[in-house]
Structures are given as C-alpha cells and as structure tokens.
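Pasting data29.csv here (CSV, C-alpha atoms):
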```
chain,number,residue,atom,x,y,z
A,1,MET,CA,-7.3,48.8,-30.7
A,2,LEU,CA,-3.8,48.8,-29.3
A,3,ASP,CA,-4.9,50.5,-26.1
A,4,ALA,CA,-7.8,48.1,-25.9
A,5,LEU,CA,-5.6,45.1,-26.2
A,6,ARG,CA,-3.1,46.5,-23.7
A,7,MET,CA,-6.0,47.1,-21.2
A,8,ALA,CA,-7.4,43.6,-21.8
A,9,VAL,CA,-4.0,41.9,-21.3
A,10,GLY,CA,-3.1,44.1,-18.3
A,11,THR,CA,-6.5,43.5,-16.6
A,12,LEU,CA,-7.2,39.8,-17.4
A,13,THR,CA,-3.6,38.4,-17.2
A,14,ALA,CA,-0.4,38.8,-15.2
A,15,LEU,CA,1.6,39.4,-18.4
A,16,PRO,CA,3.6,42.6,-18.3
A,17,VAL,CA,2.4,45.1,-21.0
A,18,PRO,CA,2.8,48.9,-21.3
A,19,PRO,CA,-0.3,50.7,-19.9
A,20,PRO,CA,-2.8,52.1,-22.3
A,21,SER,CA,-2.1,55.7,-23.4
A,22,ARG,CA,-5.7,56.5,-22.6
A,23,ILE,CA,-8.7,54.7,-21.0
A,24,ASP,CA,-12.2,55.8,-22.1
A,25,ARG,CA,-15.4,53.9,-22.7
A,26,ARG,CA,-14.4,53.0,-26.3
A,27,VAL,CA,-11.1,51.6,-25.1
A,28,ALA,CA,-12.8,49.8,-22.2
A,29,GLY,CA,-15.4,48.3,-24.5
A,30,GLY,CA,-12.7,47.1,-26.9
A,31,ALA,CA,-10.8,45.5,-24.0
A,32,MET,CA,-13.8,43.5,-23.0
A,33,VAL,CA,-14.4,42.4,-26.6
A,34,LEU,CA,-10.7,41.4,-26.9
A,35,GLY,CA,-10.7,39.5,-23.6
A,36,PRO,CA,-10.7,36.1,-25.4
A,37,VAL,CA,-7.7,37.2,-27.4
A,38,ALA,CA,-5.8,38.5,-24.4
A,39,VAL,CA,-6.0,35.1,-22.6
A,40,LEU,CA,-4.9,33.0,-25.5
A,41,PRO,CA,-1.4,32.5,-23.8
A,42,LEU,CA,-3.2,31.3,-20.6
A,43,ALA,CA,-5.4,28.9,-22.7
A,44,ALA,CA,-2.3,27.6,-24.4
A,45,LEU,CA,-0.6,27.1,-21.1
A,46,ALA,CA,-3.6,25.1,-19.8
A,47,GLY,CA,-3.6,22.9,-22.9
A,48,LEU,CA,0.1,22.3,-22.7
A,49,VAL,CA,-0.1,21.2,-19.1
A,50,LEU,CA,-3.0,18.8,-19.9
A,51,TYR,CA,-1.1,17.4,-23.0
A,52,ALA,CA,2.1,16.9,-21.0
A,53,GLY,CA,0.1,15.1,-18.3
A,54,GLN,CA,-1.3,12.7,-20.9
A,55,LEU,CA,2.2,12.0,-22.4
A,56,LEU,CA,3.6,11.3,-18.9
A,57,GLY,CA,0.7,9.2,-17.8
A,58,LEU,CA,0.0,11.3,-14.8
A,59,PRO,CA,-3.3,11.2,-12.9
A,60,PRO,CA,-5.8,13.3,-15.0
A,61,LEU,CA,-7.4,15.0,-12.0
A,62,ALA,CA,-4.1,16.1,-10.5
A,63,VAL,CA,-3.0,17.4,-13.9
A,64,ALA,CA,-6.2,19.3,-14.3
A,65,GLY,CA,-5.7,20.9,-10.9
A,66,VAL,CA,-2.3,22.1,-12.0
A,67,ALA,CA,-3.8,23.5,-15.3
A,68,VAL,CA,-6.5,25.3,-13.4
A,69,GLY,CA,-4.0,26.6,-10.9
A,70,ALA,CA,-1.7,27.8,-13.8
A,71,VAL,CA,-4.6,29.8,-15.3
A,72,ALA,CA,-5.5,31.3,-11.9
A,73,LEU,CA,-1.8,32.3,-11.3
A,74,GLY,CA,-1.6,33.7,-14.8
A,75,SER,CA,-4.6,35.9,-14.1
A,76,ARG,CA,-3.5,36.9,-10.5
A,77,GLY,CA,-6.5,35.0,-9.2
A,78,LEU,CA,-8.6,38.0,-10.1
A,79,HIS,CA,-11.7,36.1,-11.3
A,80,LEU,CA,-11.6,33.7,-8.4
A,81,ASP,CA,-11.5,36.6,-6.0
A,82,GLY,CA,-14.5,38.1,-7.8
A,83,LEU,CA,-16.4,34.8,-7.6
A,84,ALA,CA,-15.9,34.6,-3.8
A,85,ASP,CA,-16.8,38.3,-3.2
A,86,THR,CA,-19.9,38.0,-5.4
A,87,ALA,CA,-21.1,34.9,-3.6
A,88,ASP,CA,-20.6,36.6,-0.3
A,89,GLY,CA,-22.5,39.7,-1.5
A,90,LEU,CA,-25.4,37.6,-2.9
A,91,GLY,CA,-25.5,35.5,0.2
A,92,ALA,CA,-25.5,38.4,2.6
A,93,SER,CA,-28.3,40.8,3.4
A,94,TYR,CA,-31.0,41.7,0.9
A,95,ASP,CA,-30.0,45.3,1.4
A,96,ARG,CA,-28.1,46.4,-1.7
A,97,THR,CA,-25.8,48.8,0.1
A,98,ARG,CA,-24.8,46.2,2.7
A,99,ALA,CA,-24.2,43.6,0.0
A,100,LEU,CA,-21.9,45.9,-2.0
A,101,GLU,CA,-20.0,46.9,1.2
A,102,ILE,CA,-19.4,43.2,2.0
A,103,MET,CA,-18.1,42.7,-1.6
A,104,ARG,CA,-15.8,45.7,-1.2
A,105,ARG,CA,-14.0,44.3,1.9
A,106,GLY,CA,-12.0,41.7,0.0
A,107,ASP,CA,-12.1,39.0,2.7
A,108,SER,CA,-14.0,35.8,2.0
A,109,GLY,CA,-16.8,34.6,4.2
A,110,PRO,CA,-18.2,31.0,4.3
A,111,THR,CA,-20.5,31.5,1.3
A,112,GLY,CA,-17.6,32.8,-0.8
A,113,VAL,CA,-15.3,30.0,0.2
A,114,ALA,CA,-18.0,27.4,-0.5
A,115,ALA,CA,-18.7,28.9,-3.9
A,116,LEU,CA,-15.0,29.0,-4.7
A,117,VAL,CA,-14.4,25.4,-3.7
A,118,LEU,CA,-17.4,24.0,-5.5
A,119,VAL,CA,-16.6,25.9,-8.8
A,120,LEU,CA,-13.0,24.8,-8.7
A,121,ILE,CA,-14.0,21.2,-8.1
A,122,VAL,CA,-16.3,21.3,-11.1
A,123,GLN,CA,-13.6,22.9,-13.2
A,124,CYS,CA,-10.9,20.4,-12.3
A,125,GLY,CA,-13.2,17.4,-12.6
A,126,ALA,CA,-14.5,18.5,-16.0
A,127,MET,CA,-11.1,19.6,-17.3
A,128,ALA,CA,-9.6,16.1,-16.4
A,129,ALA,CA,-12.2,14.6,-18.7
A,130,ALA,CA,-12.2,17.3,-21.4
A,131,GLY,CA,-8.6,17.0,-22.7
A,132,PRO,CA,-6.1,19.6,-23.9
A,133,TRP,CA,-8.0,21.2,-26.8
A,134,ALA,CA,-11.3,21.4,-24.9
A,135,GLY,CA,-9.6,22.6,-21.7
A,136,ALA,CA,-7.8,25.4,-23.6
A,137,ALA,CA,-11.1,26.4,-25.4
A,138,ALA,CA,-13.0,26.7,-22.2
A,139,VAL,CA,-10.5,29.2,-20.8
A,140,VAL,CA,-11.2,31.4,-23.9
A,141,LEU,CA,-15.0,30.8,-23.8
A,142,GLY,CA,-15.1,31.9,-20.2
A,143,ARG,CA,-13.8,35.4,-21.3
A,144,CYS,CA,-16.1,35.7,-24.2
A,145,VAL,CA,-19.0,36.4,-21.9
A,146,LEU,CA,-17.3,39.7,-20.8
A,147,SER,CA,-18.8,41.4,-23.8
A,148,LEU,CA,-22.3,40.2,-22.8
A,149,CYS,CA,-21.8,41.5,-19.3
A,150,CYS,CA,-20.8,45.0,-20.6
A,151,THR,CA,-23.6,45.6,-23.1
A,152,GLY,CA,-25.7,48.7,-22.9
A,153,PHE,CA,-28.6,47.2,-21.0
A,154,VAL,CA,-26.4,46.2,-18.0
A,155,PRO,CA,-25.8,49.1,-15.5
A,156,SER,CA,-23.0,49.6,-13.1
A,157,ALA,CA,-23.7,48.9,-9.4
A,158,ARG,CA,-21.3,51.6,-8.3
A,159,PRO,CA,-20.4,55.0,-9.7
A,160,GLU,CA,-16.7,54.1,-9.6
A,161,GLY,CA,-14.5,51.0,-10.1
A,162,LEU,CA,-14.0,48.6,-13.0
A,163,GLY,CA,-17.7,48.0,-13.3
A,164,ALA,CA,-18.4,51.7,-13.9
A,165,THR,CA,-15.6,51.9,-16.5
A,166,VAL,CA,-16.8,49.0,-18.6
A,167,SER,CA,-20.6,49.1,-18.0
A,168,GLY,CA,-22.5,49.7,-21.2
A,169,SER,CA,-19.3,50.0,-23.2
A,170,VAL,CA,-20.0,47.2,-25.6
A,171,PRO,CA,-22.7,47.7,-28.3
A,172,VAL,CA,-25.2,44.8,-28.4
A,173,PRO,CA,-24.3,43.9,-32.1
A,174,LEU,CA,-20.7,43.6,-31.2
A,175,ALA,CA,-21.4,41.3,-28.3
A,176,GLY,CA,-23.5,39.3,-30.6
A,177,LEU,CA,-20.6,39.1,-33.1
A,178,VAL,CA,-18.4,37.7,-30.3
A,179,PHE,CA,-21.0,35.0,-29.5
A,180,ALA,CA,-21.3,34.1,-33.2
A,181,LEU,CA,-17.5,33.9,-33.7
A,182,ALA,CA,-17.1,31.8,-30.6
A,183,ALA,CA,-19.9,29.4,-31.7
A,184,GLY,CA,-18.6,29.2,-35.3
A,185,LEU,CA,-14.9,28.6,-34.4
A,186,SER,CA,-15.8,26.1,-31.7
A,187,VAL,CA,-17.1,23.7,-34.5
A,188,LEU,CA,-13.4,23.2,-35.3
A,189,LEU,CA,-12.4,21.7,-32.0
A,190,PRO,CA,-10.5,18.5,-32.7
A,191,GLY,CA,-11.8,15.2,-31.4
A,192,LEU,CA,-15.4,16.4,-30.7
A,193,PRO,CA,-18.7,16.1,-32.6
A,194,TRP,CA,-19.3,19.4,-34.5
A,195,TRP,CA,-22.2,20.4,-32.3
A,196,ARG,CA,-20.3,20.0,-29.0
A,197,GLY,CA,-18.4,23.3,-29.2
A,198,PRO,CA,-21.5,25.5,-30.1
A,199,LEU,CA,-23.4,23.7,-27.2
A,200,ALA,CA,-20.6,24.6,-24.8
A,201,VAL,CA,-20.8,28.3,-26.0
A,202,ALA,CA,-24.5,28.3,-25.5
A,203,VAL,CA,-24.3,26.7,-22.0
A,204,ALA,CA,-21.5,29.1,-20.9
A,205,TYR,CA,-23.5,32.1,-22.0
A,206,ALA,CA,-26.7,30.8,-20.4
A,207,VAL,CA,-25.0,30.3,-17.0
A,208,ALA,CA,-23.2,33.6,-17.1
A,209,GLY,CA,-26.4,35.3,-18.2
A,210,LEU,CA,-28.3,33.8,-15.3
A,211,LEU,CA,-25.7,34.9,-12.8
A,212,LEU,CA,-25.6,38.4,-14.4
A,213,TRP,CA,-29.4,38.7,-14.2
A,214,ARG,CA,-29.3,37.8,-10.5
A,215,CYS,CA,-26.6,40.3,-9.8
A,216,VAL,CA,-28.4,43.1,-11.6
A,217,ARG,CA,-31.5,42.4,-9.6
A,218,ARG,CA,-29.8,42.1,-6.3
A,219,LEU,CA,-26.9,44.6,-6.6
A,220,GLY,CA,-28.3,47.0,-9.2
A,221,GLY,CA,-25.7,46.3,-11.8
A,222,ILE,CA,-22.2,44.9,-12.3
A,223,THR,CA,-18.9,45.4,-10.5
A,224,GLY,CA,-15.5,44.1,-11.2
A,225,ASP,CA,-16.2,41.2,-8.9
A,226,VAL,CA,-19.4,40.3,-10.8
A,227,LEU,CA,-17.4,40.2,-14.1
A,228,GLY,CA,-14.9,37.8,-12.4
A,229,ALA,CA,-17.7,35.6,-11.1
A,230,CYS,CA,-19.3,35.4,-14.6
A,231,VAL,CA,-16.0,34.4,-16.1
A,232,GLU,CA,-15.4,31.6,-13.7
A,233,ALA,CA,-19.0,30.3,-13.9
A,234,ALA,CA,-18.9,30.4,-17.7
A,235,THR,CA,-15.6,28.5,-17.7
A,236,ALA,CA,-16.9,25.8,-15.5
A,237,ALA,CA,-20.1,25.5,-17.6
A,238,ALA,CA,-18.1,25.3,-20.8
A,239,LEU,CA,-15.8,22.6,-19.4
A,240,VAL,CA,-18.8,20.5,-18.3
A,241,ALA,CA,-20.4,20.8,-21.7
A,242,LEU,CA,-17.1,19.9,-23.5
A,243,ALA,CA,-16.4,17.0,-21.2
```

Just give me the structure as structure tokens.
Amino acid sequence: MLDALRMAVGTLTALPVPPPSRIDRRVAGGAMVLGPVAVLPLAALAGLVLYAGQLLGLPPLAVAGVAVGAVALGSRGLHLDGLADTADGLGASYDRTRALEIMRRGDSGPTGVAALVLVLIVQCGAMAAAGPWAGAAAVVLGRCVLSLCCTGFVPSARPEGLGATVSGSVPVPLAGLVFALAAGLSVLLPGLPWWRGPLAVAVAYAVAGLLLWRCVRRLGGITGDVLGACVEAATAAALVALA
C-alpha cells in the first residue's frame, strides 16, 4: 500500500515523495485505485483558491482559471498533455500505428490544441459556477476513473510505457468499489441536493467510459496519454454536473 501510494502521488502530482521500493502490477493497480487519495492536496488547493476568490469578491471566472491552473501546475500538466496528444492521435490517420506515433511525438497539432482549449474553457466556466466544495470534489472525481481505465478488460496499446504497466492491473470488483465509494461520499457535498453528487459521478464515468471505448477501438488499448485524457474529460463532466 505504501509503494502504491508513493507511485500514485509521484505520478499524479508534483509533490516530492520517495520512489516506490518496487513497481509491479499489484503496486501499479493500487496506485490507480489510490489516485483520488493522492490528489487530495490538489483538490484542497483548488477549493481554497475558489473560497479566497469569493471572500475577496474577485471575478469568478478569473478565480476559476487560477484554480484550474493551480491543479495543472500541481500535476505538472501531465493530464492536459495527455488530452492534447490523445486528441491528435484520434484526429489523425485511421492507421493505428501512425496514430500512436503521432501521440508519442509530444508536440501538439491543431486538433490537440483545440481539444485542450475547449476542455479548459468548460472546466473554468463550470468551476466558476460550482463553488469551492464542488470544485474540489471534481478534481478528485476526475481521478476516480483511473481505476475504470485500468480494469482487466482494457488492453494496453503499446508493449511499454505507463499504459502497459497499469493495463489490467485493477480487478473489476475493486474498480466498482471505487465508483460506489465516490457516489456514496458525494452525497455529503455541502450546499447541493443529495442527488447532485452521485449524478456528477455517473456523468464523469460515462464521459470517461465513452472516451476509453473510442481509444480502445482506434488505438487498440490505453496509453499514459489516454489516461490523462480520461482524467481531464471526467473532471470537466463532473464540474458541469455539479454546477
């Protein structure tokens, strides 16, 4: 568990932690399950920024932009990079090998830039209306879908890389438990009807699941970029539902 938590924090955030003593499929699966726990400091940071903006009477959209930027900085922009690369790969040739090569390059083409801008606009606009508690919750919910993306029925698109390390590493019942816990705990969100939190969880999983399905069909499985894209898409979906 300690190695899994270290891997989760070291992979999903910029927080300095000792490296895991070992990395195998069990540790990798635990890291994906503990992803929501690993990003709690980033969620708290986003909530504090939104709360401070409310206290100071600052423009909500500008404050939301700062909060989204703080989370991106706290995760090294890893998921945003994955979103852009995945969009470029899906928008390129229907040839799987060429699409994966485009994703590997690391530079962003017009499709990736457009996807990045549009998702960030949705995140900032929804976070401006959602408020501190909902904004913080959406950051956590976006990482809950990592366990879904790494269940046994999702293959890896490449024989190496993060996708190969975590692919199939999370048992389906454990991924279901993460979903159930997220839905159950979201009922407690302050200032919202009891059903709004579970609805946000369902919408986030539905959007991430649709993107995951598309990537498996087009690319043959997941990569680290696909995981990042699913995180950002789920975060945006959760924010819209909570707002």

Checklist entry - When distances are computed from all atoms listed in the file, which of A:Ala204, A:Ala134, A:Cys215, A:Ala233 shows the smallest separation from A:Leu188? => result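 Looking only at the distances to A:Leu188, the closest residue turns out to be A:Ala134.
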
Next on the checklist: Env of stretch 219-232 of chain A: 6 Å cut, atoms = all atoms listed in the file, seq-sep filter 3 positions within chain, self excluded. Answer as a list in words.
Outcome noted: His79, Gly82, Leu83, Thr86, Arg96, Gly142, Arg143, Pro155, Ser156, Ala157, Leu162, Gly163, Ala208, Cys215, Val216 and Thr235 of chain A

How about saving the chosen residues, C-alpha atoms kept, as a PDB file, in the coordinates of the input?
```pdb
ATOM      1  CA  HIS A  79     -11.700  36.100 -11.300  1.00  0.00           C
ATOM      2  CA  GLY A  82     -14.500  38.100  -7.800  1.00  0.00           C
ATOM      3  CA  LEU A  83     -16.400  34.800  -7.600  1.00  0.00           C
ATOM      4  CA  THR A  86     -19.900  38.000  -5.400  1.00  0.00           C
ATOM      5  CA  ARG A  96     -28.100  46.400  -1.700  1.00  0.00           C
ATOM      6  CA  GLY A 142     -15.100  31.900 -20.200  1.00  0.00           C
ATOM      7  CA  ARG A 143     -13.800  35.400 -21.300  1.00  0.00           C
ATOM      8  CA  PRO A 155     -25.800  49.100 -15.500  1.00  0.00           C
ATOM      9  CA  SER A 156     -23.000  49.600 -13.100  1.00  0.00           C
ATOM     10  CA  ALA A 157     -23.700  48.900  -9.400  1.00  0.00           C
ATOM     11  CA  LEU A 162     -14.000  48.600 -13.000  1.00  0.00           C
ATOM     12  CA  GLY A 163     -17.700  48.000 -13.300  1.00  0.00           C
ATOM     13  CA  ALA A 208     -23.200  33.600 -17.100  1.00  0.00           C
ATOM     14  CA  CYS A 215     -26.600  40.300  -9.800  1.00  0.00           C
ATOM     15  CA  VAL A 216     -28.400  43.100 -11.600  1.00  0.00           C
ATOM     16  CA  THR A 235     -15.600  28.500 -17.700  1.00  0.00           C
TER      17      THR A 235
END
```

Checklist entry - If we count all atoms listed in the file, what is near A:Val139 at a cut-off of 8 Å, once residues fewer than 6 positions away on the same chain are taken out, given as a list in words? => result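 Listed by chain and then number, they are Val39, Leu42, Ala43 and Thr235 of chain A.
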
Item to check | Of the listed residues A:Ser108, A:Gly184, A:Thr165, A:Leu118, that which approaches A:Asp24 most closely, counting all atoms listed in the file | outcome: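 Using all atoms listed in the file, A:Asp24 sits closest to A:Thr165.
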
Next on the checklist: If we count all atoms listed in the file and set the cut-off at 12 Å, which residues sit around A:Pro173, ignoring sequence neighbours fewer than 3 positions away in its own chain? Please answer as a list in words.
Outcome noted: Val33, Ser147, Leu148, Thr151, Gly152, Ser169, Val170, Gly176, Leu177, Val178, Phe179 and Ala180 of chain A

Item to check | Contact residues around stretch 123-131 of chain A with only C-alpha atoms at 7 Å, ignoring same-chain residues under 2 positions, as JSON, numbers by chain | outcome: {"A": [50, 60, 61, 64, 65, 68, 119, 120, 121, 133, 134, 135, 236, 239, 240, 242, 243]}

Convert the current residue selection to file output with C-alpha atoms, as a compact mmCIF listing (two decimals), in the frame of the given file.
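Now in result_11.txt:
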```txt
# COMPACT_ATOMS: atom_id res chain seq x y z
CA LEU A 50 -3.00 18.80 -19.90
CA PRO A 60 -5.80 13.30 -15.00
CA LEU A 61 -7.40 15.00 -12.00
CA ALA A 64 -6.20 19.30 -14.30
CA GLY A 65 -5.70 20.90 -10.90
CA VAL A 68 -6.50 25.30 -13.40
CA VAL A 119 -16.60 25.90 -8.80
CA LEU A 120 -13.00 24.80 -8.70
CA ILE A 121 -14.00 21.20 -8.10
CA TRP A 133 -8.00 21.20 -26.80
CA ALA A 134 -11.30 21.40 -24.90
CA GLY A 135 -9.60 22.60 -21.70
CA ALA A 236 -16.90 25.80 -15.50
CA LEU A 239 -15.80 22.60 -19.40
CA VAL A 240 -18.80 20.50 -18.30
CA LEU A 242 -17.10 19.90 -23.50
CA ALA A 243 -16.40 17.00 -21.20
```

Next on the checklist: For a test of reading the model, state the distance in Å between atom CA of A:Val17 and atom CA of A:Pro36, rounded to one decimal.
Outcome noted: 16.5 Å

Checklist entry - Using all atoms listed in the file, which of A:Gly106, A:Gly74, A:Pro132, A:Pro159 sits nearest A:Pro16? => result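 Of the candidates, the smallest distance to A:Pro16 is held by A:Gly74.
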
Item to check | Answer as a list in words, residues within 10 Å of (-3.9, 42.6, -20.6) using all atoms listed in the file | outcome: Asp3, Ala4, Leu5, Arg6, Met7, Ala8, Val9, Gly10, Thr11, Leu12, Thr13, Ala14, Leu15, Pro16, Val17, Pro18, Pro19, Pro20, Ala31, Leu34, Gly35, Val37, Ala38, Val39 and Ser75 of chain A

Mind writing the picked residues with C-alpha atoms as a short mmCIF file (atom, residue, chain, number, x, y, z; two decimals), in the frame of the given file?
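Output file out.cif follows:
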```
data_model
loop_
_atom_site.label_atom_id
_atom_site.label_comp_id
_atom_site.auth_asym_id
_atom_site.auth_seq_id
_atom_site.Cartn_x
_atom_site.Cartn_y
_atom_site.Cartn_z
CA ASP A 3 -4.90 50.50 -26.10
CA ALA A 4 -7.80 48.10 -25.90
CA LEU A 5 -5.60 45.10 -26.20
CA ARG A 6 -3.10 46.50 -23.70
CA MET A 7 -6.00 47.10 -21.20
CA ALA A 8 -7.40 43.60 -21.80
CA VAL A 9 -4.00 41.90 -21.30
CA GLY A 10 -3.10 44.10 -18.30
CA THR A 11 -6.50 43.50 -16.60
CA LEU A 12 -7.20 39.80 -17.40
CA THR A 13 -3.60 38.40 -17.20
CA ALA A 14 -0.40 38.80 -15.20
CA LEU A 15 1.60 39.40 -18.40
CA PRO A 16 3.60 42.60 -18.30
CA VAL A 17 2.40 45.10 -21.00
CA PRO A 18 2.80 48.90 -21.30
CA PRO A 19 -0.30 50.70 -19.90
CA PRO A 20 -2.80 52.10 -22.30
CA ALA A 31 -10.80 45.50 -24.00
CA LEU A 34 -10.70 41.40 -26.90
CA GLY A 35 -10.70 39.50 -23.60
CA VAL A 37 -7.70 37.20 -27.40
CA ALA A 38 -5.80 38.50 -24.40
CA VAL A 39 -6.00 35.10 -22.60
CA SER A 75 -4.60 35.90 -14.10
#
```

Checklist entry - Restricting the calculation to only C-alpha atoms, which member of A:Ala175, A:Ala200, A:Ala241, A:Leu40 is positioned closest to A:Val145? => result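 Once distances to A:Val145 are computed over only C-alpha atoms, the minimum belongs to A:Ala175.
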
Item to check | atom CA of A:Leu80 to atom CA of A:Leu211, straight-line distance in Å | outcome: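 Distance between the two atoms: 14.8 Å.
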